[in-house]
Amino acid sequence: MEKSRSKLMITALSVFVMISGAYFVFSDDIHAQLEETIFVTHTGAVISTTGEVLDPIYTSANMEFDPMEYLRDFDYGDVSTLPDGTTLREYTIIAEDDGVMEVAPGIFYNAWTYNGSVPGPTIRATEGDIIRINFINNGSKEHTMHFHGIHPAEMDGVFEPVGGNGGRFTYEFAAGPVGVHPYHCHIMPLEEHIIHGLYGVFIVDPKEGRAPADEMVMVLNGLDMDFDGENNFYAANTIPFYYQHHPIQINTDELVRIYVVNMVEFDPINNLHLHGNLYEYYPTGTDLVPSFYTDMITLSQTERGIIEFEYQYPGNYLFHAHKVEFSEKGWVGIFQVNENKEQTEDVDYGS
Ligand SMILES: [Cu+2]
């Protein structure tokens, strides 16, 4: 009798401890969530939130990023001619790691940037041009620029970490091979430096050029908002759903050329499906003859290529990851195909 009473006492006591423990844990949680946080958004608006704020970085370095401007923005550098006649293209690239970007209403991302944007500028040159990059690291951590392509080992941006708070390095190499290549920071842990946004696109044009086209760049990226090794959002050019809400304007009977680079980490594959059409696909863009005529390509990490197509019929057409989870979390857009007035005015309807 005595034994069972003490057993009862112990049970009651442990239930009390559990309940009170839970109360303190949850009430602490509730308290933490109700704490007000104030942010300056990318538009300059000051907002306060009592919601959960992940990896908060308090800074005034709020980023402006316009995916529509990025889409067709190519940086050819400061151009001069070397004594031997070679074209020199000079760039200044500044790395920072304290940016805050509002990627969706009220959703803030601690962005690490090249020249203040994610992705960094699209560096473009012709095969054989000399690329000279004056790299300045104004971040707090070590960063580098590692280009995919052909260059000397000491220009590879791997074994020469550039210190923060003003560290400098000059990358110089001949542009090649022809194609579309990524560049990214190569400091460990690599996933961390990439997922925060230190990457961009490097286009090497063939000397003979490519056919005239409406050209654009799409970097397929994933956003791991809480840095737990899983992406929470996906996008073409960083902002989820951007080109769905702001359709890309193109014309019928006009060649469209897209340089596509997959920078999604964590998920082993990504893909790109185009509606109402098929496209010519040039893997890595290294060949001037397309390898496939398809409406679907599958890309692994840093895999990339060039797609080319023309629309025959005007209207709105989706493009998106056919990995539906990715498209439902932001990697989806629309081409608004407009009647090409120049073309239709020239149409000969016969007699
Ligand atoms: Cu880095």
# chains A, B, ... in the order shown; residues from 1 in each chain; ligands from 1
call {"tool": "residues_around", "arguments": {"residues": "Phe319 (chain A)", "least_positions_apart": "3", "cutoff": "8 Å", "atoms": "only C-alpha atoms", "output": "list in words"}}
result
Leu272, His273, Leu274, His275, Val332, Gly333, Ile334 and Phe335 of chain A
call {"tool": "residues_around", "arguments": {"residues": "Ile130 (chain A)", "least_positions_apart": "6", "cutoff": "6 Å", "atoms": "only C-alpha atoms", "output": "ChimeraX atom specification"}}
result
/A:88,173-174
call {"tool": "write_last_selection", "arguments": {"atoms": "C-alpha atoms", "output": "PDB file, in the first residue's frame"}}
result
ATOM      1  CA  LEU A  88      41.318  43.325 -73.158  1.00  0.00           C
ATOM      2  CA  PHE A 173      43.102  34.703 -68.462  1.00  0.00           C
ATOM      3  CA  ALA A 174      42.054  34.264 -72.086  1.00  0.00           C
TER       4      ALA A 174
END
call {"tool": "residues_near_ligand", "arguments": {"ligand": "ligand 1", "cutoff": "7 Å", "atoms": "only C-alpha atoms and all ligand atoms", "output": "PyMOL selection string"}}
result
chain A and resi 141-144+185-187+193+198
call {"tool": "closest_residue", "arguments": {"among": "A:Asn110, A:Thr294, A:Ser80, A:Thr252", "to": "Leu223 (chain A)", "atoms": "only C-alpha atoms"}}
result
A:Asn110
call {"tool": "residues_around", "arguments": {"residues": "Tyr242 (chain A)", "least_positions_apart": "5", "cutoff": "9 Å", "atoms": "only C-alpha atoms", "output": "MDAnalysis selection string"}}
result
chainID A and resid 67:68 235:237 247 330:333
call {"tool": "write_last_selection", "arguments": {"atoms": "N, CA and C atoms", "output": "PDB file, in the first residue's frame"}}
result
ATOM      1  N   PRO A  67      14.863  41.396 -61.636  1.00  0.00           N
ATOM      2  CA  PRO A  67      15.074  40.256 -62.527  1.00  0.00           C
ATOM      3  C   PRO A  67      14.854  40.592 -64.007  1.00  0.00           C
ATOM      4  N   MET A  68      13.992  41.604 -64.296  1.00  0.00           N
ATOM      5  CA  MET A  68      13.754  41.960 -65.700  1.00  0.00           C
ATOM      6  C   MET A  68      14.978  42.660 -66.279  1.00  0.00           C
ATOM      7  N   ALA A 235      13.686  29.444 -58.227  1.00  0.00           N
ATOM      8  CA  ALA A 235      13.417  30.569 -59.122  1.00  0.00           C
ATOM      9  C   ALA A 235      14.251  30.485 -60.388  1.00  0.00           C
ATOM     10  N   ALA A 236      13.824  31.245 -61.393  1.00  0.00           N
ATOM     11  CA  ALA A 236      14.696  31.624 -62.495  1.00  0.00           C
ATOM     12  C   ALA A 236      15.048  33.065 -62.173  1.00  0.00           C
ATOM     13  N   ASN A 237      16.330  33.329 -61.963  1.00  0.00           N
ATOM     14  CA  ASN A 237      16.819  34.668 -61.610  1.00  0.00           C
ATOM     15  C   ASN A 237      16.309  35.154 -60.249  1.00  0.00           C
ATOM     16  N   PRO A 247       5.402  38.865 -67.051  1.00  0.00           N
ATOM     17  CA  PRO A 247       5.770  38.016 -68.199  1.00  0.00           C
ATOM     18  C   PRO A 247       6.845  38.653 -69.076  1.00  0.00           C
ATOM     19  N   GLY A 330       8.079  28.437 -56.949  1.00  0.00           N
ATOM     20  CA  GLY A 330       8.598  29.663 -57.537  1.00  0.00           C
ATOM     21  C   GLY A 330       9.281  29.605 -58.885  1.00  0.00           C
ATOM     22  N   TRP A 331       9.715  28.409 -59.307  1.00  0.00           N
ATOM     23  CA  TRP A 331      10.451  28.339 -60.589  1.00  0.00           C
ATOM     24  C   TRP A 331       9.443  28.146 -61.726  1.00  0.00           C
ATOM     25  N   VAL A 332       8.826  29.262 -62.096  1.00  0.00           N
ATOM     26  CA  VAL A 332       7.821  29.269 -63.155  1.00  0.00           C
ATOM     27  C   VAL A 332       7.745  30.678 -63.730  1.00  0.00           C
ATOM     28  N   GLY A 333       7.513  30.784 -65.013  1.00  0.00           N
ATOM     29  CA  GLY A 333       7.380  32.100 -65.643  1.00  0.00           C
ATOM     30  C   GLY A 333       6.531  32.011 -66.894  1.00  0.00           C
TER      31      GLY A 333
END
call {"tool": "closest_residue", "arguments": {"among": "A:Gly120, A:Pro240, A:Gly139, A:Gly128", "to": "Phe74 (chain A)", "atoms": "only C-alpha atoms"}}
result
A:Gly120
call {"tool": "residues_around", "arguments": {"residues": "Gln301 (chain A)", "least_positions_apart": "6", "cutoff": "8 Å", "atoms": "only C-alpha atoms", "output": "ChimeraX atom specification"}}
result
/A:262-265,268-269
call {"tool": "closest_residue", "arguments": {"among": "A:Phe227, A:Phe108, A:Tyr234, A:Tyr317", "to": "Asn271 (chain A)", "atoms": "only C-alpha atoms"}}
result
A:Tyr234
call {"tool": "closest_residue", "arguments": {"among": "A:Gly163, A:Pro314, A:Gly276, A:Gly116", "to": "Glu254 (chain A)", "atoms": "only C-alpha atoms"}}
result
A:Pro314
call {"tool": "atom_distance", "arguments": {"atom1": "CA of Gln249 (chain A)", "atom2": "CA of Asn338 (chain A)"}}
result
7.1 Å
call {"tool": "select_by_dssp", "arguments": {"residues": "region 223-286 of chain A", "states": "strand (DSSP E)", "output": "list in words"}}
result
Leu223, Phe233, Tyr234, Ala235, Ala236, Ile248, Gln249, Ile250, Asn251, Val256, Arg257, Ile258, Tyr259, Val260, Val261, Asn262, Asn270, Asn271, Leu272, His273, Leu274, Tyr279, Glu280, Tyr281, Tyr282 and Pro283 of chain A
call {"tool": "select_by_dssp", "arguments": {"residues": "region 38-256 of chain A", "states": "alpha helix (DSSP H)", "output": "ChimeraX atom specification"}}
result
/A:67-71,190-195,242-245
call {"tool": "atom_distance", "arguments": {"atom1": "CA of Glu230 (chain A)", "atom2": "CA of Phe266 (chain A)"}}
result
6.2 Å
call {"tool": "atom_distance", "arguments": {"atom1": "CA of Gly85 (chain A)", "atom2": "CA of Ile131 (chain A)"}}
result
14.2 Å
call {"tool": "residues_around", "arguments": {"residues": "region 100-104 of chain A", "least_positions_apart": "3", "cutoff": "6 Å", "atoms": "only C-alpha atoms", "output": "PyMOL selection string"}}
result
chain A and resi 62-63+107-111+239
call {"tool": "write_last_selection", "arguments": {"atoms": "C-alpha atoms", "output": "mmCIF file, in the first residue's frame"}}
result
data_model
loop_
_atom_site.group_PDB
_atom_site.id
_atom_site.type_symbol
_atom_site.label_atom_id
_atom_site.label_comp_id
_atom_site.auth_asym_id
_atom_site.auth_seq_id
_atom_site.Cartn_x
_atom_site.Cartn_y
_atom_site.Cartn_z
ATOM 1 C CA ASN A 62 19.569 46.316 -48.533
ATOM 2 C CA MET A 63 19.715 45.058 -52.049
ATOM 3 C CA ILE A 107 10.701 37.082 -46.665
ATOM 4 C CA PHE A 108 14.278 38.273 -46.238
ATOM 5 C CA TYR A 109 17.408 36.547 -47.379
ATOM 6 C CA ASN A 110 20.964 37.144 -46.221
ATOM 7 C CA ALA A 111 22.552 37.555 -49.642
ATOM 8 C CA ILE A 239 12.906 36.024 -57.210
#
call {"tool": "residues_around", "arguments": {"residues": "region 209-215 of chain A", "least_positions_apart": "2", "cutoff": "6 Å", "atoms": "only C-alpha atoms", "output": "PDB file with C-alpha atoms, in the first residue's frame"}}
result
ATOM      1  CA  PRO A 206      32.465  32.412 -80.873  1.00  0.00           C
ATOM      2  CA  LYS A 207      34.621  34.741 -83.025  1.00  0.00           C
ATOM      3  CA  LEU A 255      14.728  33.990 -82.542  1.00  0.00           C
ATOM      4  CA  VAL A 256      15.023  33.855 -78.744  1.00  0.00           C
ATOM      5  CA  ARG A 257      18.283  32.604 -77.242  1.00  0.00           C
ATOM      6  CA  ILE A 258      18.544  31.821 -73.543  1.00  0.00           C
TER       7      ILE A 258
END
call {"tool": "closest_residue", "arguments": {"among": "A:Arg89, A:Lys329, A:Arg72, A:His151", "to": "Arg132 (chain A)", "atoms": "only C-alpha atoms"}}
result
A:Arg89
